[in-house]
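Student: Here you go, this is query27.csv (CSV, C-alpha atoms).
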chain,number,residue,atom,x,y,z
S,15,ASP,CA,58.2,83.7,-47.3
S,16,ALA,CA,55.7,81.8,-49.3
S,17,GLY,CA,56.7,78.4,-50.6
S,18,ILE,CA,58.3,75.2,-49.3
S,19,THR,CA,61.4,75.4,-47.3
S,20,GLN,CA,63.8,72.7,-45.9
S,21,SER,CA,66.2,72.9,-43.1
S,22,PRO,CA,69.1,72.4,-42.7
S,23,ARG,CA,70.5,72.7,-46.2
S,24,TYR,CA,73.6,70.7,-45.2
S,25,LYS,CA,74.1,68.2,-42.4
S,26,ILE,CA,76.9,66.0,-41.4
S,27,THR,CA,76.2,63.4,-38.7
S,28,GLU,CA,77.7,60.3,-37.3
S,29,THR,CA,76.6,56.7,-37.7
S,30,GLY,CA,74.0,55.8,-35.1
S,31,ARG,CA,72.8,59.3,-34.3
S,32,GLN,CA,69.3,60.5,-34.7
S,33,VAL,CA,68.8,63.4,-37.1
S,34,THR,CA,65.6,65.2,-38.2
S,35,LEU,CA,65.1,67.0,-41.4
S,36,MET,CA,62.5,69.7,-41.4
S,37,CYS,CA,60.0,70.7,-44.1
S,38,HIS,CA,57.6,73.6,-44.0
S,39,GLN,CA,55.1,74.8,-46.6
S,40,THR,CA,52.9,77.9,-46.6
S,41,TRP,CA,50.3,76.9,-49.2
S,42,SER,CA,48.2,74.6,-46.9
S,43,HIS,CA,48.7,71.9,-49.5
S,44,SER,CA,47.1,68.6,-48.5
S,45,TYR,CA,49.8,66.3,-49.7
S,46,MET,CA,53.5,66.3,-48.7
S,47,PHE,CA,56.3,64.0,-49.7
S,48,TRP,CA,59.9,63.0,-48.8
S,49,TYR,CA,62.2,61.8,-51.6
S,50,ARG,CA,65.8,60.9,-51.7
S,51,GLN,CA,68.0,61.4,-54.7
S,52,ASP,CA,70.9,59.0,-55.4
S,53,LEU,CA,73.0,58.6,-58.5
S,54,GLY,CA,71.5,56.0,-60.8
S,55,HIS,CA,68.2,55.9,-58.9
S,56,GLY,CA,66.6,59.2,-59.6
S,57,LEU,CA,64.1,60.4,-57.0
S,58,ARG,CA,62.7,57.7,-54.7
S,59,LEU,CA,59.8,58.2,-52.4
S,60,ILE,CA,60.4,57.6,-48.7
S,61,TYR,CA,57.1,58.6,-47.1
S,62,TYR,CA,54.1,60.7,-48.0
S,63,SER,CA,51.2,62.2,-46.3
S,64,ALA,CA,47.7,63.0,-47.7
S,65,ALA,CA,46.7,65.2,-44.7
S,66,ALA,CA,47.6,65.9,-41.1
S,67,ASP,CA,47.9,62.8,-39.1
S,68,ILE,CA,47.8,60.6,-42.2
S,69,THR,CA,51.1,59.2,-43.4
S,70,ASP,CA,52.1,56.2,-45.6
S,71,LYS,CA,55.2,54.4,-46.7
S,72,GLY,CA,56.8,54.9,-50.1
S,73,GLU,CA,59.3,52.9,-52.0
S,74,VAL,CA,62.2,53.1,-49.5
S,75,PRO,CA,60.8,53.7,-45.9
S,76,ASP,CA,63.2,51.6,-43.8
S,77,GLY,CA,65.2,53.5,-41.3
S,78,TYR,CA,63.0,56.6,-41.5
S,79,VAL,CA,60.1,58.0,-39.4
S,80,VAL,CA,57.7,60.8,-40.3
S,81,SER,CA,55.0,62.7,-38.5
S,82,ARG,CA,52.5,65.3,-39.6
S,83,SER,CA,50.7,66.9,-36.6
S,84,LYS,CA,50.2,70.2,-38.6
S,85,THR,CA,49.3,70.6,-42.2
S,86,GLU,CA,52.3,72.8,-42.9
S,87,ASN,CA,55.1,70.7,-41.4
S,88,PHE,CA,56.4,67.3,-42.4
S,89,PRO,CA,59.6,66.3,-40.5
S,90,LEU,CA,61.6,63.3,-41.5
S,91,THR,CA,63.6,61.5,-38.8
S,92,LEU,CA,66.5,59.1,-39.3
S,93,GLU,CA,66.3,57.2,-36.0
S,94,SER,CA,69.8,55.7,-36.2
S,95,ALA,CA,71.7,57.1,-39.2
S,96,THR,CA,73.6,54.7,-41.4
S,97,ARG,CA,76.1,55.5,-44.2
S,98,SER,CA,73.6,54.2,-46.8
S,99,GLN,CA,71.4,57.1,-45.8
S,100,THR,CA,73.9,59.6,-47.2
S,101,SER,CA,71.9,61.3,-49.9
S,102,VAL,CA,70.1,64.5,-50.9
S,103,TYR,CA,66.7,64.7,-49.5
S,104,PHE,CA,63.8,66.6,-51.1
S,105,CYS,CA,60.5,67.5,-49.6
S,106,ALA,CA,57.6,68.3,-51.8
S,107,SER,CA,53.9,69.3,-51.6
S,108,ARG,CA,50.9,69.3,-53.9
S,109,GLN,CA,47.4,70.5,-53.5
S,110,GLY,CA,45.5,67.5,-54.8
S,111,MET,CA,45.3,64.8,-57.4
S,112,ASN,CA,46.6,65.5,-60.9
S,113,THR,CA,48.4,68.6,-59.8
S,114,GLU,CA,52.1,69.3,-59.9
S,115,ALA,CA,54.2,69.0,-56.8
S,116,PHE,CA,56.5,71.8,-55.6
S,117,PHE,CA,59.9,70.9,-54.2
S,118,GLY,CA,62.0,72.4,-51.6
S,119,GLN,CA,65.7,73.2,-52.2
S,120,GLY,CA,66.9,70.0,-50.7
S,121,THR,CA,69.0,68.9,-47.7
S,122,ARG,CA,72.4,67.2,-48.4
S,123,LEU,CA,73.0,64.7,-45.6
S,124,THR,CA,76.3,63.0,-45.1
S,125,VAL,CA,76.6,60.2,-42.6
S,126,VAL,CA,80.1,59.5,-41.5
T,22,ASP,CA,61.3,47.5,-60.4
T,23,GLN,CA,61.5,50.8,-62.1
T,24,GLN,CA,58.1,51.8,-63.3
T,25,VAL,CA,59.3,54.9,-65.1
T,26,LYS,CA,62.5,54.7,-67.2
T,27,GLN,CA,64.6,57.2,-68.8
T,28,ASN,CA,67.1,55.2,-70.8
T,29,SER,CA,69.3,58.1,-72.0
T,30,PRO,CA,71.4,59.4,-69.0
T,31,SER,CA,72.7,62.3,-71.1
T,32,LEU,CA,72.0,64.3,-74.3
T,33,SER,CA,73.9,67.0,-76.0
T,34,VAL,CA,72.3,69.4,-78.5
T,35,GLN,CA,73.4,72.5,-80.3
T,36,GLU,CA,71.8,75.8,-79.4
T,37,GLY,CA,68.8,76.5,-81.6
T,38,ARG,CA,68.2,72.9,-82.4
T,39,ILE,CA,65.5,70.6,-81.0
T,40,SER,CA,66.0,68.6,-77.8
T,41,ILE,CA,64.0,65.4,-77.5
T,42,LEU,CA,63.9,63.7,-74.1
T,43,ASN,CA,62.3,60.3,-73.8
T,44,CYS,CA,60.6,58.4,-71.1
T,45,ASP,CA,58.9,55.0,-70.9
T,46,TYR,CA,56.6,53.6,-68.3
T,47,THR,CA,55.2,50.2,-67.5
T,48,ASN,CA,52.1,50.8,-65.5
T,49,SER,CA,49.0,51.2,-67.7
T,50,MET,CA,47.2,52.7,-64.7
T,51,PHE,CA,49.3,55.9,-64.8
T,52,ASP,CA,47.0,58.8,-65.9
T,53,TYR,CA,49.0,61.9,-65.2
T,54,PHE,CA,52.5,62.7,-66.4
T,55,LEU,CA,54.9,65.5,-65.6
T,56,TRP,CA,58.4,66.7,-66.5
T,57,TYR,CA,60.7,68.4,-64.0
T,58,LYS,CA,63.9,70.3,-64.6
T,59,LYS,CA,66.7,70.3,-62.0
T,60,TYR,CA,69.7,72.5,-61.7
T,61,PRO,CA,72.6,71.5,-59.4
T,62,ALA,CA,72.1,72.3,-55.7
T,63,GLU,CA,68.4,73.2,-56.3
T,64,GLY,CA,65.1,71.3,-56.0
T,65,PRO,CA,63.3,70.1,-59.1
T,66,THR,CA,61.0,72.6,-60.7
T,67,PHE,CA,57.9,71.7,-62.5
T,68,LEU,CA,58.0,72.2,-66.3
T,69,ILE,CA,54.9,70.8,-68.0
T,70,SER,CA,52.3,68.1,-67.5
T,71,ILE,CA,49.8,66.0,-69.5
T,72,SER,CA,46.8,64.1,-68.6
T,73,SER,CA,46.2,60.6,-70.2
T,74,ILE,CA,43.1,62.0,-72.0
T,75,LYS,CA,45.4,64.1,-74.2
T,76,ASP,CA,48.3,63.2,-76.4
T,77,LYS,CA,50.0,66.6,-76.6
T,78,ASN,CA,50.4,69.6,-74.4
T,79,GLU,CA,52.4,72.8,-75.3
T,80,ASP,CA,53.8,75.6,-73.2
T,81,GLY,CA,56.0,78.0,-75.1
T,82,ARG,CA,59.1,76.2,-76.3
T,83,PHE,CA,58.1,73.0,-74.4
T,84,THR,CA,55.8,70.3,-75.8
T,85,VAL,CA,55.0,67.0,-74.2
T,86,PHE,CA,53.8,64.1,-76.2
T,87,LEU,CA,52.0,61.0,-74.8
T,88,ASN,CA,51.7,57.7,-76.7
T,89,LYS,CA,49.6,55.6,-74.4
T,90,SER,CA,49.7,52.5,-76.6
T,91,ALA,CA,53.5,52.5,-76.5
T,92,LYS,CA,53.6,53.7,-72.9
T,93,HIS,CA,56.0,56.4,-74.0
T,94,LEU,CA,56.3,60.1,-73.1
T,95,SER,CA,58.6,62.6,-74.7
T,96,LEU,CA,59.5,66.2,-74.1
T,97,HIS,CA,60.5,68.5,-77.0
T,98,ILE,CA,62.3,71.7,-76.4
T,99,VAL,CA,62.6,74.0,-79.5
T,100,PRO,CA,64.6,76.0,-79.9
T,101,SER,CA,67.1,74.8,-77.3
T,102,GLN,CA,68.9,77.4,-75.3
T,103,PRO,CA,72.1,77.1,-73.1
T,104,GLY,CA,69.9,77.9,-70.0
T,105,ASP,CA,68.0,74.7,-70.7
T,106,SER,CA,71.1,72.7,-69.7
T,107,ALA,CA,69.9,70.8,-66.6
T,108,VAL,CA,68.8,67.3,-65.5
T,109,TYR,CA,65.2,66.5,-66.7
T,110,PHE,CA,63.1,64.0,-64.8
T,111,CYS,CA,59.8,62.5,-66.0
T,112,ALA,CA,57.2,61.4,-63.5
T,113,ALA,CA,53.9,59.6,-63.5
T,114,SER,CA,51.1,59.1,-61.1
T,115,ASP,CA,48.1,56.8,-61.0
T,116,ALA,CA,44.9,57.3,-59.0
T,117,GLY,CA,46.9,57.0,-55.8
T,118,ASN,CA,48.9,59.8,-54.2
T,119,GLN,CA,52.4,59.0,-55.4
T,120,PHE,CA,54.6,60.2,-58.2
T,121,TYR,CA,57.0,57.7,-59.7
T,122,PHE,CA,60.2,59.3,-61.1
T,123,GLY,CA,62.6,58.3,-63.8
T,124,THR,CA,66.3,58.4,-63.2
T,125,GLY,CA,66.8,61.6,-65.2
T,126,THR,CA,68.5,62.8,-68.4
T,127,SER,CA,71.2,65.4,-68.3
T,128,LEU,CA,70.8,67.8,-71.1
T,129,THR,CA,73.7,70.0,-72.3
T,130,VAL,CA,72.9,72.7,-74.8
T,131,ILE,CA,76.1,73.7,-76.6
T,132,PRO,CA,76.3,77.4,-77.5
Translate this structure into structure tokens?
Tutor:
Amino acid sequence: DAGITQSPRYKITETGRQVTLMCHQTWSHSYMFWYRQDLGHGLRLIYYSAAADITDKGEVPDGYVVSRSKTENFPLTLESATRSQTSVYFCASRQGMNTEAFFGQGTRLTVV
Amino acid sequence: DQQVKQNSPSLSVQEGRISILNCDYTNSMFDYFLWYKKYPAEGPTFLISISSIKDKNEDGRFTVFLNKSAKHLSLHIVPSQPGDSAVYFCAASDAGNQFYFGTGTSLTVIP
């Protein structure tokens, strides 16, 4: 299916465990982003990537790791999950500057 | 520090009337602005955008206005419909790669 997909949709993990959220887009968009949505904070940027093998930190990168070996994939890893990382995570992609971003359906992560 | 602010967490409007959602920003380097709509348990979907070289952009029932001197953005929905009930986020970007989002306004359109 064309578009941007995230997996899993829901995940419960324990404190201290490593967890990876997957993001895949079929448009060959150059830019990809990871956001988290929390009440009272809106959408905050975690990491973004301008192209394969190019990544950069956003507003709230601590505790997260990303990679982008292929243009279509942009996984987000929580190396040692904490309760404060309980959130809804959105992946997005855009073709270039001054274009809209398209979002995935989100992953609801609960850290217990 | 929040560079994009939506000061009204919620808004209720009667069906058929105009909905006006507001957004303020602090960074004068922002040159591209967008509005997104979000339903529960779904990702945000793009609604409308405007470049800083314009002051208005229309798309059907949706119009975005940009006042650069006031650093203010607004979205007008007319006429409002019950299906418009959702959370609306404004976003802005500069010459860099990032979007900066507001905290959202929850719109309820009352039938």
Student: By how many Å are CA of Ala62 (chain T) and CA of Phe117 (chain S) apart?
Tutor: 12.4 Å
Student: Counting all atoms listed in the file, which residues from chain T have an atom at most 7 Å from any atom of chain S, and could you show them as a short mmCIF file (atom, residue, chain, number, x, y, z; two decimals) with C-alpha atoms, in the coordinates of the input?
Tutor:
data_model
loop_
_atom_site.label_atom_id
_atom_site.label_comp_id
_atom_site.auth_asym_id
_atom_site.auth_seq_id
_atom_site.Cartn_x
_atom_site.Cartn_y
_atom_site.Cartn_z
CA TYR T 53 49.00 61.90 -65.20
CA GLU T 63 68.40 73.20 -56.30
CA GLY T 64 65.10 71.30 -56.00
CA PRO T 65 63.30 70.10 -59.10
CA THR T 66 61.00 72.60 -60.70
CA PHE T 67 57.90 71.70 -62.50
CA ASN T 118 48.90 59.80 -54.20
CA PHE T 122 60.20 59.30 -61.10
CA GLY T 123 62.60 58.30 -63.80
CA THR T 124 66.30 58.40 -63.20
CA GLY T 125 66.80 61.60 -65.20
#
Student: Would you give me, as CSV, each residue of region 41-82 of chain S having an atom within 10 Å of an atom of region 31-35 of chain S, along with its shortest atom pair and that distance in Å to one decimal, using all atoms listed in the file and sorting by chain and residue number?
Tutor:
residue,atom,partner,partner_atom,distance
S:Trp48,CA,S:Leu35,CA,9.9
S:Tyr78,CA,S:Thr34,CA,9.6
S:Val79,CA,S:Thr34,CA,9.1
S:Val80,CA,S:Thr34,CA,9.3
Student: For Val126 (chain S), please output as a PyMOL selection string all residues within 8 Å (counting all atoms listed in the file; exclusion window: fewer than 2 positions along the same chain).
Tutor: chain S and resi 26-29+97+124
Student: Quick check, in Å to one decimal: how far apart do CA of Ile131 (chain T) and CA of Pro103 (chain T) lie?
Tutor: 6.3 Å
Student: Taking into account all atoms listed in the file, which residue in the set T:Ser31, T:Asn48, T:Asn43, T:Ser70 is nearest to Ala116 (chain T)?
Tutor: T:Asn48
Student: Between CA of Tyr57 (chain T) and CA of Ser106 (chain T), what is the spacing in Å?
Tutor: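 Those two atoms sit 12.6 Å apart.
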Student: Which residues, written as a short mmCIF file (atom, residue, chain, number, x, y, z; two decimals) with C-alpha atoms, keeping the file's coordinate frame, have at least one atom at most 9 Å from Tyr121 (chain T), with only C-alpha atoms counted and residues fewer than 5 positions away on the same chain left out?
Tutor:
data_model
loop_
_atom_site.label_atom_id
_atom_site.label_comp_id
_atom_site.auth_asym_id
_atom_site.auth_seq_id
_atom_site.Cartn_x
_atom_site.Cartn_y
_atom_site.Cartn_z
CA LEU S 57 64.10 60.40 -57.00
CA ARG S 58 62.70 57.70 -54.70
CA LEU S 59 59.80 58.20 -52.40
CA GLN T 23 61.50 50.80 -62.10
CA GLN T 24 58.10 51.80 -63.30
CA VAL T 25 59.30 54.90 -65.10
CA CYS T 111 59.80 62.50 -66.00
CA ALA T 112 57.20 61.40 -63.50
CA ALA T 113 53.90 59.60 -63.50
CA SER T 114 51.10 59.10 -61.10
#
Student: Rebuild region 92-111 of chain S to N, CA and C atoms - output it as a PDB file, keeping the file's coordinate frame, please.
Tutor:
ATOM      1  N   LEU S  92      65.643  60.287 -39.135  1.00  0.00           N
ATOM      2  CA  LEU S  92      66.500  59.100 -39.300  1.00  0.00           C
ATOM      3  C   LEU S  92      66.770  58.663 -37.824  1.00  0.00           C
ATOM      4  N   GLU S  93      66.221  57.548 -37.391  1.00  0.00           N
ATOM      5  CA  GLU S  93      66.300  57.200 -36.000  1.00  0.00           C
ATOM      6  C   GLU S  93      67.722  56.797 -35.568  1.00  0.00           C
ATOM      7  N   SER S  94      68.428  56.116 -36.444  1.00  0.00           N
ATOM      8  CA  SER S  94      69.800  55.700 -36.200  1.00  0.00           C
ATOM      9  C   SER S  94      70.520  55.712 -37.543  1.00  0.00           C
ATOM     10  N   ALA S  95      71.145  56.846 -37.844  1.00  0.00           N
ATOM     11  CA  ALA S  95      71.700  57.100 -39.200  1.00  0.00           C
ATOM     12  C   ALA S  95      72.707  56.023 -39.595  1.00  0.00           C
ATOM     13  N   THR S  96      72.632  55.630 -40.854  1.00  0.00           N
ATOM     14  CA  THR S  96      73.600  54.700 -41.400  1.00  0.00           C
ATOM     15  C   THR S  96      74.255  55.377 -42.660  1.00  0.00           C
ATOM     16  N   ARG S  97      75.410  54.896 -43.057  1.00  0.00           N
ATOM     17  CA  ARG S  97      76.100  55.500 -44.200  1.00  0.00           C
ATOM     18  C   ARG S  97      75.290  55.402 -45.480  1.00  0.00           C
ATOM     19  N   SER S  98      74.463  54.367 -45.581  1.00  0.00           N
ATOM     20  CA  SER S  98      73.600  54.200 -46.800  1.00  0.00           C
ATOM     21  C   SER S  98      72.558  55.290 -46.879  1.00  0.00           C
ATOM     22  N   GLN S  99      72.364  56.036 -45.803  1.00  0.00           N
ATOM     23  CA  GLN S  99      71.400  57.100 -45.800  1.00  0.00           C
ATOM     24  C   GLN S  99      72.017  58.458 -46.238  1.00  0.00           C
ATOM     25  N   THR S 100      73.293  58.439 -46.558  1.00  0.00           N
ATOM     26  CA  THR S 100      73.900  59.600 -47.200  1.00  0.00           C
ATOM     27  C   THR S 100      73.259  59.861 -48.503  1.00  0.00           C
ATOM     28  N   SER S 101      72.697  61.046 -48.666  1.00  0.00           N
ATOM     29  CA  SER S 101      71.900  61.300 -49.900  1.00  0.00           C
ATOM     30  C   SER S 101      71.490  62.795 -49.854  1.00  0.00           C
ATOM     31  N   VAL S 102      70.809  63.180 -50.915  1.00  0.00           N
ATOM     32  CA  VAL S 102      70.100  64.500 -50.900  1.00  0.00           C
ATOM     33  C   VAL S 102      68.649  64.214 -50.773  1.00  0.00           C
ATOM     34  N   TYR S 103      68.058  64.893 -49.819  1.00  0.00           N
ATOM     35  CA  TYR S 103      66.700  64.700 -49.500  1.00  0.00           C
ATOM     36  C   TYR S 103      65.815  65.884 -49.922  1.00  0.00           C
ATOM     37  N   PHE S 104      64.721  65.573 -50.586  1.00  0.00           N
ATOM     38  CA  PHE S 104      63.800  66.600 -51.100  1.00  0.00           C
ATOM     39  C   PHE S 104      62.432  66.413 -50.461  1.00  0.00           C
ATOM     40  N   CYS S 105      61.886  67.502 -50.001  1.00  0.00           N
ATOM     41  CA  CYS S 105      60.500  67.500 -49.600  1.00  0.00           C
ATOM     42  C   CYS S 105      59.676  68.180 -50.666  1.00  0.00           C
ATOM     43  N   ALA S 106      58.432  67.759 -50.807  1.00  0.00           N
ATOM     44  CA  ALA S 106      57.600  68.300 -51.800  1.00  0.00           C
ATOM     45  C   ALA S 106      56.138  68.400 -51.297  1.00  0.00           C
ATOM     46  N   SER S 107      55.333  69.244 -51.924  1.00  0.00           N
ATOM     47  CA  SER S 107      53.900  69.300 -51.600  1.00  0.00           C
ATOM     48  C   SER S 107      53.087  69.525 -52.830  1.00  0.00           C
ATOM     49  N   ARG S 108      51.844  69.096 -52.749  1.00  0.00           N
ATOM     50  CA  ARG S 108      50.900  69.300 -53.900  1.00  0.00           C
ATOM     51  C   ARG S 108      49.522  69.522 -53.280  1.00  0.00           C
ATOM     52  N   GLN S 109      48.681  70.209 -54.027  1.00  0.00           N
ATOM     53  CA  GLN S 109      47.400  70.500 -53.500  1.00  0.00           C
ATOM     54  C   GLN S 109      46.439  69.312 -53.559  1.00  0.00           C
ATOM     55  N   GLY S 110      46.424  68.604 -54.699  1.00  0.00           N
ATOM     56  CA  GLY S 110      45.500  67.500 -54.800  1.00  0.00           C
ATOM     57  C   GLY S 110      45.913  66.576 -55.967  1.00  0.00           C
ATOM     58  N   MET S 111      45.007  65.706 -56.343  1.00  0.00           N
ATOM     59  CA  MET S 111      45.300  64.800 -57.400  1.00  0.00           C
ATOM     60  C   MET S 111      45.475  65.499 -58.733  1.00  0.00           C
TER      61      MET S 111
END
